Every structure is written in C-alpha cells, then in structure tokens.
>>> print(open('start27.txt').read())   # compact mmCIF, C-alpha atoms and all ligand atoms
# COMPACT_ATOMS: atom_id res chain seq x y z
CA MET T 1 -8.38 -6.80 0.82
CA LYS T 2 -4.96 -6.78 -0.79
CA ILE T 3 -2.08 -5.91 1.53
CA PHE T 4 0.65 -3.59 0.28
CA LEU T 5 3.76 -2.52 2.18
CA ASP T 6 4.24 1.24 2.45
CA THR T 7 8.03 1.29 2.44
CA ALA T 8 11.03 1.48 0.11
CA ASN T 9 13.26 -0.35 2.59
CA LEU T 10 14.61 -3.54 1.04
CA ASP T 11 15.10 -5.42 4.32
CA GLU T 12 11.50 -4.76 5.35
CA LEU T 13 10.26 -5.79 1.91
CA LYS T 14 12.28 -9.02 1.98
CA LYS T 15 10.88 -9.94 5.41
CA GLY T 16 7.33 -9.17 4.31
CA ALA T 17 7.72 -11.04 1.02
CA GLU T 18 8.91 -14.17 2.85
CA TRP T 19 5.56 -14.36 4.66
CA GLY T 20 3.86 -14.67 1.26
CA ILE T 21 1.13 -12.16 2.10
CA VAL T 22 2.38 -8.98 0.44
CA ASP T 23 0.50 -8.13 -2.76
CA GLY T 24 2.31 -4.93 -3.67
CA VAL T 25 4.28 -1.89 -2.54
CA THR T 26 3.66 1.84 -2.28
CA THR T 27 6.46 4.38 -2.14
CA ASN T 28 6.50 8.16 -2.06
CA PRO T 29 9.28 10.77 -2.34
CA THR T 30 9.80 10.72 1.47
CA LEU T 31 10.22 6.93 1.58
CA ILE T 32 12.56 6.84 -1.46
CA ALA T 33 14.69 9.71 -0.09
CA ARG T 34 15.01 7.85 3.25
CA GLU T 35 16.87 5.03 1.43
CA GLY T 36 19.26 7.48 -0.29
CA ARG T 37 19.47 5.68 -3.63
CA ASP T 38 18.40 6.86 -7.12
CA ILE T 39 14.64 6.25 -7.51
CA LYS T 40 14.95 4.11 -10.65
CA GLU T 41 17.57 1.87 -9.06
CA GLN T 42 15.61 1.58 -5.80
CA VAL T 43 12.34 0.80 -7.55
CA ARG T 44 13.99 -1.81 -9.78
CA MET T 45 15.32 -3.56 -6.67
CA ILE T 46 11.85 -3.44 -5.09
CA CYS T 47 10.37 -5.06 -8.23
CA ASP T 48 12.85 -7.95 -7.81
CA ILE T 49 11.61 -8.59 -4.27
CA VAL T 50 7.82 -8.21 -4.52
CA ASP T 51 5.81 -9.53 -7.45
CA GLY T 52 2.84 -7.15 -7.55
CA ASP T 53 1.88 -3.55 -8.18
CA ILE T 54 4.71 -1.20 -7.20
CA SER T 55 3.78 2.49 -6.96
CA ALA T 56 6.53 4.99 -7.83
CA GLU T 57 5.77 8.69 -7.54
CA VAL T 58 6.63 11.57 -9.86
CA VAL T 59 8.16 14.71 -8.34
CA ALA T 60 7.32 17.18 -11.13
CA LEU T 61 4.47 19.56 -10.35
CA ASP T 62 3.32 20.40 -13.89
CA ALA T 63 1.36 17.98 -16.07
CA GLU T 64 3.80 17.88 -18.95
CA ASN T 65 6.74 16.87 -16.77
CA MET T 66 4.58 14.52 -14.69
CA VAL T 67 3.71 12.67 -17.89
CA ARG T 68 7.37 12.58 -18.94
CA GLU T 69 8.51 11.28 -15.54
CA GLY T 70 5.56 8.87 -15.44
CA ARG T 71 6.50 7.33 -18.77
CA GLU T 72 10.12 6.92 -17.57
CA LEU T 73 9.02 5.27 -14.33
CA ALA T 74 6.62 2.96 -16.21
CA ARG T 75 9.50 1.77 -18.40
CA ILE T 76 11.40 0.40 -15.36
CA HIS T 77 9.19 -2.69 -14.98
CA PRO T 78 5.72 -3.89 -16.10
CA ASN T 79 4.54 -3.88 -12.46
CA ILE T 80 5.10 -0.14 -11.99
CA VAL T 81 2.09 2.02 -11.19
CA VAL T 82 2.77 5.76 -11.63
CA LYS T 83 1.82 7.77 -8.57
CA LEU T 84 0.54 11.30 -9.13
CA PRO T 85 -0.63 13.93 -6.64
CA LEU T 86 -4.27 14.98 -6.62
CA THR T 87 -3.82 18.42 -8.16
CA ARG T 88 -5.21 19.89 -11.37
CA ASP T 89 -1.96 18.97 -13.13
CA GLY T 90 -1.95 15.54 -11.51
CA ILE T 91 -5.45 14.80 -12.79
CA LYS T 92 -4.50 16.08 -16.25
CA ALA T 93 -1.44 13.81 -16.27
CA CYS T 94 -3.60 10.93 -15.02
CA SER T 95 -6.00 11.34 -17.97
CA THR T 96 -3.09 11.38 -20.44
CA LEU T 97 -1.26 8.37 -18.95
CA SER T 98 -4.50 6.37 -18.55
CA LYS T 99 -5.31 6.86 -22.24
CA ASP T 100 -1.86 5.36 -22.99
CA ASN T 101 -2.68 2.37 -20.74
CA ILE T 102 -0.15 3.40 -18.11
CA ARG T 103 -1.60 2.55 -14.70
CA THR T 104 -1.79 5.37 -12.17
CA ASN T 105 -2.22 5.78 -8.42
CA VAL T 106 -3.61 9.20 -7.52
CA THR T 107 -2.34 10.12 -4.09
CA LEU T 108 -2.90 12.76 -1.38
CA CYS T 109 -6.68 12.33 -1.59
CA PHE T 110 -8.60 13.87 1.31
CA THR T 111 -12.18 14.21 0.02
CA ALA T 112 -14.66 12.00 -1.84
CA GLY T 113 -15.02 14.77 -4.44
CA GLN T 114 -11.30 14.49 -5.22
CA ALA T 115 -11.70 10.71 -5.51
CA LEU T 116 -14.52 11.20 -8.01
CA LEU T 117 -12.19 13.32 -10.20
CA ALA T 118 -9.48 10.64 -10.09
CA ALA T 119 -11.94 7.93 -11.15
CA LYS T 120 -13.20 10.11 -14.01
CA ALA T 121 -9.57 10.57 -15.13
CA GLY T 122 -9.17 6.77 -15.34
CA ALA T 123 -7.00 6.24 -12.24
CA TYR T 124 -6.16 2.60 -11.56
CA ILE T 125 -5.87 3.35 -7.82
CA ILE T 126 -7.01 6.20 -5.56
CA SER T 127 -5.11 6.72 -2.29
CA PRO T 128 -7.13 8.40 0.48
CA PHE T 129 -4.99 9.14 3.57
CA VAL T 130 -6.79 7.93 6.70
CA GLY T 131 -4.26 8.77 9.44
CA ARG T 132 -3.51 12.28 8.23
CA LEU T 133 -7.24 13.14 8.34
CA ASP T 134 -7.52 11.67 11.84
CA ASP T 135 -4.51 13.84 12.78
CA ILE T 136 -6.49 17.03 12.07
CA GLY T 137 -9.67 15.85 13.78
CA TYR T 138 -11.61 14.36 10.85
CA ASP T 139 -12.87 10.77 10.52
CA GLY T 140 -10.44 9.27 7.99
CA MET T 141 -12.28 5.96 7.78
CA GLN T 142 -15.53 7.71 6.84
CA LEU T 143 -13.72 8.90 3.71
CA ILE T 144 -12.94 5.30 2.73
CA ARG T 145 -16.62 4.32 3.21
CA SER T 146 -17.82 7.29 1.21
CA ILE T 147 -15.47 6.67 -1.75
CA CYS T 148 -16.34 2.94 -1.82
CA THR T 149 -20.07 3.82 -1.95
CA ILE T 150 -19.63 6.36 -4.74
CA TYR T 151 -17.45 4.06 -6.87
CA LYS T 152 -19.92 1.20 -6.37
CA ASN T 153 -22.90 3.42 -7.29
CA TYR T 154 -21.40 4.21 -10.68
CA GLY T 155 -19.35 1.08 -11.39
CA PHE T 156 -15.97 2.86 -11.38
CA GLN T 157 -13.12 0.34 -11.72
CA THR T 158 -10.64 2.50 -9.74
CA GLN T 159 -9.39 0.58 -6.70
CA VAL T 160 -9.60 2.23 -3.29
CA LEU T 161 -6.27 2.00 -1.48
CA ALA T 162 -6.49 2.99 2.19
CA ALA T 163 -3.21 4.80 2.91
CA SER T 164 -1.73 6.39 6.01
CA LEU T 165 -2.87 3.41 8.12
CA ARG T 166 -1.21 3.64 11.52
CA SER T 167 -2.48 0.64 13.52
CA PRO T 168 -3.97 -2.87 13.21
CA LEU T 169 -7.37 -1.36 14.10
CA HIS T 170 -7.07 0.95 11.08
CA VAL T 171 -6.35 -2.07 8.87
CA VAL T 172 -9.41 -3.99 10.07
CA ALA T 173 -11.64 -0.91 9.77
CA ALA T 174 -10.40 -0.31 6.20
CA ALA T 175 -11.24 -3.92 5.30
CA GLU T 176 -14.70 -3.56 6.87
CA ALA T 177 -15.23 -0.34 4.93
CA GLY T 178 -14.57 -2.22 1.68
CA ALA T 179 -11.16 -0.85 0.65
CA HIS T 180 -9.67 -2.97 -2.14
CA ILE T 181 -6.15 -2.44 -0.81
CA GLY T 182 -4.58 -1.37 2.48
CA THR T 183 -1.00 -0.12 2.46
CA LEU T 184 0.84 -0.64 5.74
CA PRO T 185 4.16 0.41 7.21
CA PHE T 186 6.14 -2.74 8.04
CA LYS T 187 5.63 -2.11 11.77
CA VAL T 188 1.85 -2.24 11.39
CA LEU T 189 1.97 -5.42 9.30
CA ASP T 190 4.16 -7.03 11.95
CA MET T 191 1.75 -5.96 14.72
CA LEU T 192 -1.15 -7.70 12.94
CA PHE T 193 0.35 -11.07 13.89
CA ASN T 194 0.29 -10.46 17.62
CA HIS T 195 -2.09 -11.83 20.22
CA PRO T 196 -1.16 -12.84 23.78
CA LEU T 197 -3.53 -15.84 23.63
CA THR T 198 -1.68 -17.14 20.54
CA ASP T 199 1.61 -17.02 22.50
CA LYS T 200 0.02 -18.54 25.59
CA GLY T 201 -1.58 -21.32 23.51
CA ILE T 202 1.74 -22.29 21.89
CA GLU T 203 3.46 -22.35 25.27
CA GLN T 204 0.79 -24.73 26.66
CA PHE T 205 0.84 -27.01 23.57
CA MET T 206 4.64 -27.33 23.78
CA LYS T 207 4.59 -28.01 27.50
CA ASP T 208 2.00 -30.81 27.11
CA TRP T 209 3.87 -32.36 24.13
CA HIS T 210 7.25 -32.37 25.88
CA LYS T 211 5.80 -34.02 29.00
CA VAL T 212 4.94 -37.13 26.96
CA PHE T 213 7.19 -37.09 23.87
CA GLN T 214 10.16 -34.97 25.05
CA ASP T 215 11.87 -33.48 21.96
CA ALA T 216 10.45 -35.86 19.35
CA PRO T 217 9.19 -34.09 16.17
CA VAL T 218 5.97 -35.01 14.37
CA THR T 219 6.98 -37.74 11.89
CA ALA T 220 5.14 -39.77 9.29
O1 LIG J 301 2.39 6.55 1.42
C1 LIG J 301 1.51 7.49 1.90
C2 LIG J 301 0.98 7.28 3.31
O2 LIG J 301 0.70 5.94 3.56
C3 LIG J 301 1.72 8.02 4.36
O3 LIG J 301 1.37 7.68 5.67
O4 LIG J 301 1.67 7.82 8.11
O5 LIG J 301 2.99 9.36 6.62
O6 LIG J 301 0.54 9.68 6.93
P1 LIG J 301 1.67 8.69 6.89
>>> encode(input="start27.txt", output="structure tokens")
Amino acid sequence: MKIFLDTANLDELKKGAEWGIVDGVTTNPTLIAREGRDIKEQVRMICDIVDGDISAEVVALDAENMVREGRELARIHPNIVVKLPLTRDGIKACSTLSKDNIRTNVTLCFTAGQALLAAKAGAYIISPFVGRLDDIGYDGMQLIRSICTIYKNYGFQTQVLAASLRSPLHVVAAAEAGAHIGTLPFKVLDMLFNHPLTDKGIEQFMKDWHKVFQDAPVTA
C-alpha cells in the first residue's frame, strides 16, 4: 500500500519526506486554508518537497468551473491530481478531465455505489472516508473492502485511497482490505513507528555494548 500524507503543512511534509516512505500527498480546502497561503503557491511548494501524486482540490461547485479550476491546478506541476467532490457536477467534471488525460481524485465517497460512478467516469483515485463513517456508527473499513471487490470484479483501474484514517489500526486494516493507498495525518504516520519493545530492545543492546566496548562505534 502506498502511503500518502494528508496535510498541507510544509514542516510535516519535510519530516515525512526525510524518512523516504511518503509516496504522495492529499490536501483539501480545510488543510490548505489552515496554512493561510494561496493554494497554487502552497501546492507548488508541496511539489518541491514530495515527489509523488499531489492532490489539490477544486472549490467550485458547478462542473464548468470545476473543469476550469481543475485545468489551472493541473498546470502547476505534472504530479498534480485534481480532487473533485462526489456530486453530479463532480462526476461530470471527472469525465471531462479524464478524457483530457488530467488525473482526478474523487473525494467525499461514502458508498460503494458512489465509487462505481467515479470509476465509470475514469477517476484515477477514489477517496472513501473511513473515519467519518465510523463517526456516525457505520463500518468505514467495510466500505474499503466492498469497493476493492467491485473494482477487482470488473477490472477498474481506479485506485482506492483510504482517507480519514485516524489511527495505526485503521492503516493496517486498510492495507488488509486491499486499499492501494492510505492517506495519513502526520500524527498517525508518526505513531506507526512506535512499539515499547523496540525502545526496550535498543536500551538493552546499548547497555550490553557499552559494558564491553564503552563508546566505540562500529568500524570497518
Ligand atoms: O483529506 C480527507 C480526509 O482524510 C479527512 O479526514 O479525519 O477530517 O475525517 P478527517
């Protein structure tokens, strides 16, 4: 499963990129607004930090303006994926942009039926929101499983991006369910590293080494 960071924060992206495990970035109007900079400028800076698919979302609500904004966003950098909401206009815009070979990420997906529409419209990525379904008492991960099965049944090329992941357990479950991509807030990515036995093991190894070799490093 590819790992994307779900943030527009440059410091978080730099830290994540240094680990060499970040395959892409997702943003949305909330995340861009949080940084307070013009979307084009912010997205360009993100493209300089992470070499991978970078989703940038339109804010227009009608298809014509979504297409116009989408084309503008796509011009920023070859790695841009245009994010569109799963509405009638969003699907219409997705069909138009896909025919022009502009890659799209259809977002705010909450049912497998919606995901089927996005695939039919040629979406490059579909973004089902796991956590927000859990929030209202539905099984968000079941949606990921269901979409993966449907896409596999019919050979759709649209990638399933598990969004709204809130914990390391969500990330593992999304990978088990077969999501192609998981997008994670920086905090969740950071939490994936942690295990008390890893810390305890390092402490023991260092103690044993120092007893015999003091501060000597491993040398050739
Ligand atoms: O980028 C969309 C999604 O990942 C949002 O997550 O936690 O606000 O539901 P959340």
>>> residues_near_ligand(input="start27.txt", ligand="ligand LIG 301 (chain J)", cutoff="10 Å", atoms="only C-alpha atoms and all ligand atoms", output="PyMOL selection string")
chain T and resi 5-7+25-31+55+57+107-108+127-135+161-167+182-185
>>> atom_distance(input="start27.txt", atom1="atom CA of Ala74 of chain T", atom2="atom CA of Ala118 of chain T")
18.9 Å
>>> closest_residue(input="start27.txt", among="T:Ala93, T:Ala112, T:Val218, T:Val82", to="Val67 of chain T", atoms="only C-alpha atoms")
T:Ala93
>>> residues_around(input="start27.txt", residues="Leu116 of chain T", least_positions_apart="3", cutoff="10 Å", atoms="all atoms listed in the file", output="list in words")
Thr111, Ala112, Gly113, Ala119, Lys120, Ala121, Ala123, Ile126, Ile147, Ile150, Tyr151, Phe156 and Thr158 of chain T
>>> closest_residue(input="start27.txt", among="T:Ile54, T:Met141, T:Leu117, T:Leu10", to="Phe186 of chain T", atoms="only C-alpha atoms")
T:Leu10
>>> axis_aligned_box(input="start27.txt", around="segment 105-108 of chain T", padding_each_side="3 Å", output="AutoDock Vina command-line options")
--center_x -2.9 --center_y 9.3 --center_z -4.9 --size_x 7.4 --size_y 13.0 --size_z 13.0
>>> residues_around(input="start27.txt", residues="Asn79 of chain T", least_positions_apart="3", cutoff="12 Å", atoms="only C-alpha atoms", output="ChimeraX atom specification")
/T:23-26,43-44,46-56,73-76,82,102-104
>>> residues_around(input="start27.txt", residues="Asp190 of chain T", least_positions_apart="2", cutoff="12 Å", atoms="all atoms listed in the file", output="MDAnalysis selection string")
chainID T and resid 5 12:13 15:16 19 21:22 166:168 184:188 192:195
>>> closest_residue(input="start27.txt", among="T:Tyr138, T:Gly90, T:Lys83, T:Asp11", to="Met45 of chain T", atoms="all atoms listed in the file")
T:Asp11
>>> atom_distance(input="start27.txt", atom1="atom CA of Asp100 of chain T", atom2="atom CA of Glu64 of chain T")
14.3 Å
